[in-house]
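Novice: This is the structure I want to talk about, given as structure tokens.
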Amino acid sequence: MPRTLADAPIMILNGPNLNLLGQRQPEIYGSATLADIKVLCAKAAAAYGGTVDFRQSNHEGELVEWIQEARLNHAGIVINPAAYSHTSVAILDALNTCDGLPVVEVHISNIHQREQFRHHSYVSLRADGVIAGCGVQGYAFAVERVATLAGAAQTEA
Ligand code: DQA
């Protein structure tokens, strides 16, 4: 049975170096911090009657374990895999165990406008949707999409 936003949070996963948002290459990633993004995601989920479980790790294995947790306990996944997008078969494999779970991949920057090695994402092979180049607002779009895929209707503007 797919879980709904009424009974489970959306898992929001952030990969390596995203803990440094606000300080890290602000010309590319902007001035918002990860704490700001958490607030933005919580607001976006609340508009659909949902909540978020917001996490960040610099470790691939920890992200894999959190995806396995989401497979059992969450209504969907929003993931910014950061550099692991371009390298991690392990994260793709973990996402591929999440049958029927909505997954949306988000990148703050437009990875297609950047170095060639950023143009390919393993995670995109499983993601139901991919958002790139919308800045941190992309997280709100991703939450909205996961909420919609999880069957939630918007409850407030
Ligand atoms: C990123 C893009 C990746 O290529 C990069 O490694 C990141 C952040 C983004 O949000 O734009 O760490 O995922």
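Just so we're on the same page: first chain in the structure tokens is A, next is B, and so on; residues restart at 1 for each chain, and ligands are numbered from 1 in the order they show up.
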Run DSSP on the backbone and give me the residues of chain A it puts in helix (DSSP H, G or I), as a ChimeraX atom specification.

Specialist: /A:18-20,26-29,34-46,60-73,82-86,89-96,111-113,116-118,123-125,137-149

Novice: Counting only C-alpha atoms and all ligand atoms, what residues are within 8 Å of ligand 1, given as a list in words?

Specialist: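 Sorted by chain and then by number, the residues are Gly15, Pro16, Asn17, Leu18, Ile28, Tyr29, Asn80, Pro81, Ala82, Ala83, Tyr84, Ser85, His86, Val106, His107, Ile108, Ser109, Asn110, Ile111, Arg118, Ala132, Gly133 and Gly135 of chain A.
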
Novice: Those selected residues, please, written with N, CA, C and O atoms and delivered as a tab-separated table (two decimals), in the first residue's frame.

Specialist:
```tsv
chain	number	residue	atom	x	y	z
A	15	GLY	N	23.13	15.35	-0.15
A	15	GLY	CA	24.42	14.70	-0.20
A	15	GLY	C	25.58	15.59	0.21
A	15	GLY	O	25.39	16.65	0.83
A	16	PRO	N	26.79	15.16	-0.14
A	16	PRO	CA	28.01	15.78	0.37
A	16	PRO	C	28.17	17.26	0.03
A	16	PRO	O	27.82	17.70	-1.07
A	17	ASN	N	28.69	17.96	1.01
A	17	ASN	CA	29.04	19.39	0.91
A	17	ASN	C	27.84	20.34	0.96
A	17	ASN	O	28.02	21.55	1.01
A	18	LEU	N	26.63	19.77	0.96
A	18	LEU	CA	25.46	20.65	1.02
A	18	LEU	C	25.28	21.24	2.42
A	18	LEU	O	24.55	22.21	2.60
A	28	ILE	N	27.45	30.08	-7.47
A	28	ILE	CA	26.75	28.96	-8.12
A	28	ILE	C	25.51	28.56	-7.32
A	28	ILE	O	24.43	28.34	-7.87
A	29	TYR	N	25.67	28.46	-5.99
A	29	TYR	CA	24.59	27.87	-5.17
A	29	TYR	C	23.78	28.89	-4.39
A	29	TYR	O	22.79	28.51	-3.75
A	80	ASN	N	18.74	15.50	-3.25
A	80	ASN	CA	19.83	16.18	-3.95
A	80	ASN	C	21.08	15.36	-3.62
A	80	ASN	O	21.68	15.54	-2.57
A	81	PRO	N	21.46	14.46	-4.52
A	81	PRO	CA	22.58	13.57	-4.23
A	81	PRO	C	23.94	14.28	-4.33
A	81	PRO	O	24.97	13.66	-4.07
A	82	ALA	N	23.92	15.55	-4.76
A	82	ALA	CA	25.15	16.34	-4.93
A	82	ALA	C	26.14	15.55	-5.80
A	82	ALA	O	25.72	14.96	-6.81
A	83	ALA	N	27.41	15.50	-5.43
A	83	ALA	CA	28.40	14.85	-6.31
A	83	ALA	C	28.11	13.37	-6.53
A	83	ALA	O	28.50	12.81	-7.57
A	84	TYR	N	27.41	12.73	-5.57
A	84	TYR	CA	27.09	11.30	-5.76
A	84	TYR	C	26.14	11.06	-6.93
A	84	TYR	O	26.03	9.93	-7.41
A	85	SER	N	25.45	12.10	-7.38
A	85	SER	CA	24.59	11.96	-8.58
A	85	SER	C	25.39	11.36	-9.72
A	85	SER	O	24.89	10.53	-10.48
A	86	HIS	N	26.63	11.82	-9.83
A	86	HIS	CA	27.44	11.53	-11.01
A	86	HIS	C	28.30	10.28	-10.85
A	86	HIS	O	28.99	9.90	-11.78
A	106	VAL	N	16.69	16.68	-7.19
A	106	VAL	CA	16.80	18.13	-7.33
A	106	VAL	C	18.26	18.56	-7.31
A	106	VAL	O	19.08	17.99	-6.58
A	107	HIS	N	18.57	19.52	-8.18
A	107	HIS	CA	19.88	20.17	-8.18
A	107	HIS	C	19.65	21.67	-8.16
A	107	HIS	O	18.82	22.18	-8.94
A	108	ILE	N	20.38	22.35	-7.30
A	108	ILE	CA	20.23	23.81	-7.20
A	108	ILE	C	20.70	24.47	-8.49
A	108	ILE	O	20.05	25.35	-9.04
A	109	SER	N	21.86	24.02	-8.97
A	109	SER	CA	22.43	24.59	-10.20
A	109	SER	C	21.91	23.83	-11.42
A	109	SER	O	21.37	22.71	-11.28
A	110	ASN	N	22.09	24.42	-12.58
A	110	ASN	CA	21.74	23.73	-13.82
A	110	ASN	C	22.93	22.87	-14.23
A	110	ASN	O	23.87	23.33	-14.89
A	111	ILE	N	22.88	21.60	-13.85
A	111	ILE	CA	24.03	20.70	-14.07
A	111	ILE	C	24.34	20.55	-15.57
A	111	ILE	O	25.47	20.23	-15.92
A	118	ARG	N	29.14	16.54	-14.98
A	118	ARG	CA	27.91	16.75	-14.20
A	118	ARG	C	26.65	16.49	-15.04
A	118	ARG	O	25.53	16.53	-14.53
A	132	ALA	N	16.43	20.96	-12.07
A	132	ALA	CA	17.80	21.50	-12.01
A	132	ALA	C	17.79	22.94	-12.46
A	132	ALA	O	17.06	23.32	-13.38
A	133	GLY	N	18.58	23.76	-11.77
A	133	GLY	CA	18.77	25.13	-12.21
A	133	GLY	C	17.69	26.10	-11.73
A	133	GLY	O	17.64	27.24	-12.20
A	135	GLY	N	17.53	27.01	-8.57
A	135	GLY	CA	17.98	27.49	-7.27
A	135	GLY	C	17.34	26.66	-6.16
A	135	GLY	O	16.85	25.54	-6.40
```

Novice: For A:Ala75, which residue out of A:Thr51, A:Gln23, A:Gln137, A:Gln113 is the nearest one, using only C-alpha atoms?

Specialist: A:Thr51

Novice: Where does DSSP see strand (DSSP E or B) in stretch 31-136 of chain A, if you list the residues as a PyMOL selection string?

Specialist: chain A and resi 52-56+76-80+103-107+129-132

Novice: So which one's closest to A:Val123, A:Ala70, A:Val89, A:Ala6, A:Leu40? Using only C-alpha atoms, please.

Specialist: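 Among the listed residues, the smallest separation from A:Val123 belongs to A:Val89.
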
Novice: I need the residue nearest A:Tyr139 from this list: A:Asp7, A:Glu69, A:Glu105, A:Asp53. Use only C-alpha atoms for the distance.

Specialist: A:Glu105

Novice: Show me, as a ChimeraX atom specification, the residues that have an atom within 8 Å of A:Glu60 when counting only C-alpha atoms, minus same-chain residues fewer than 3 positions from it.

Specialist: /A:15,57,63-64,84,88,90-91
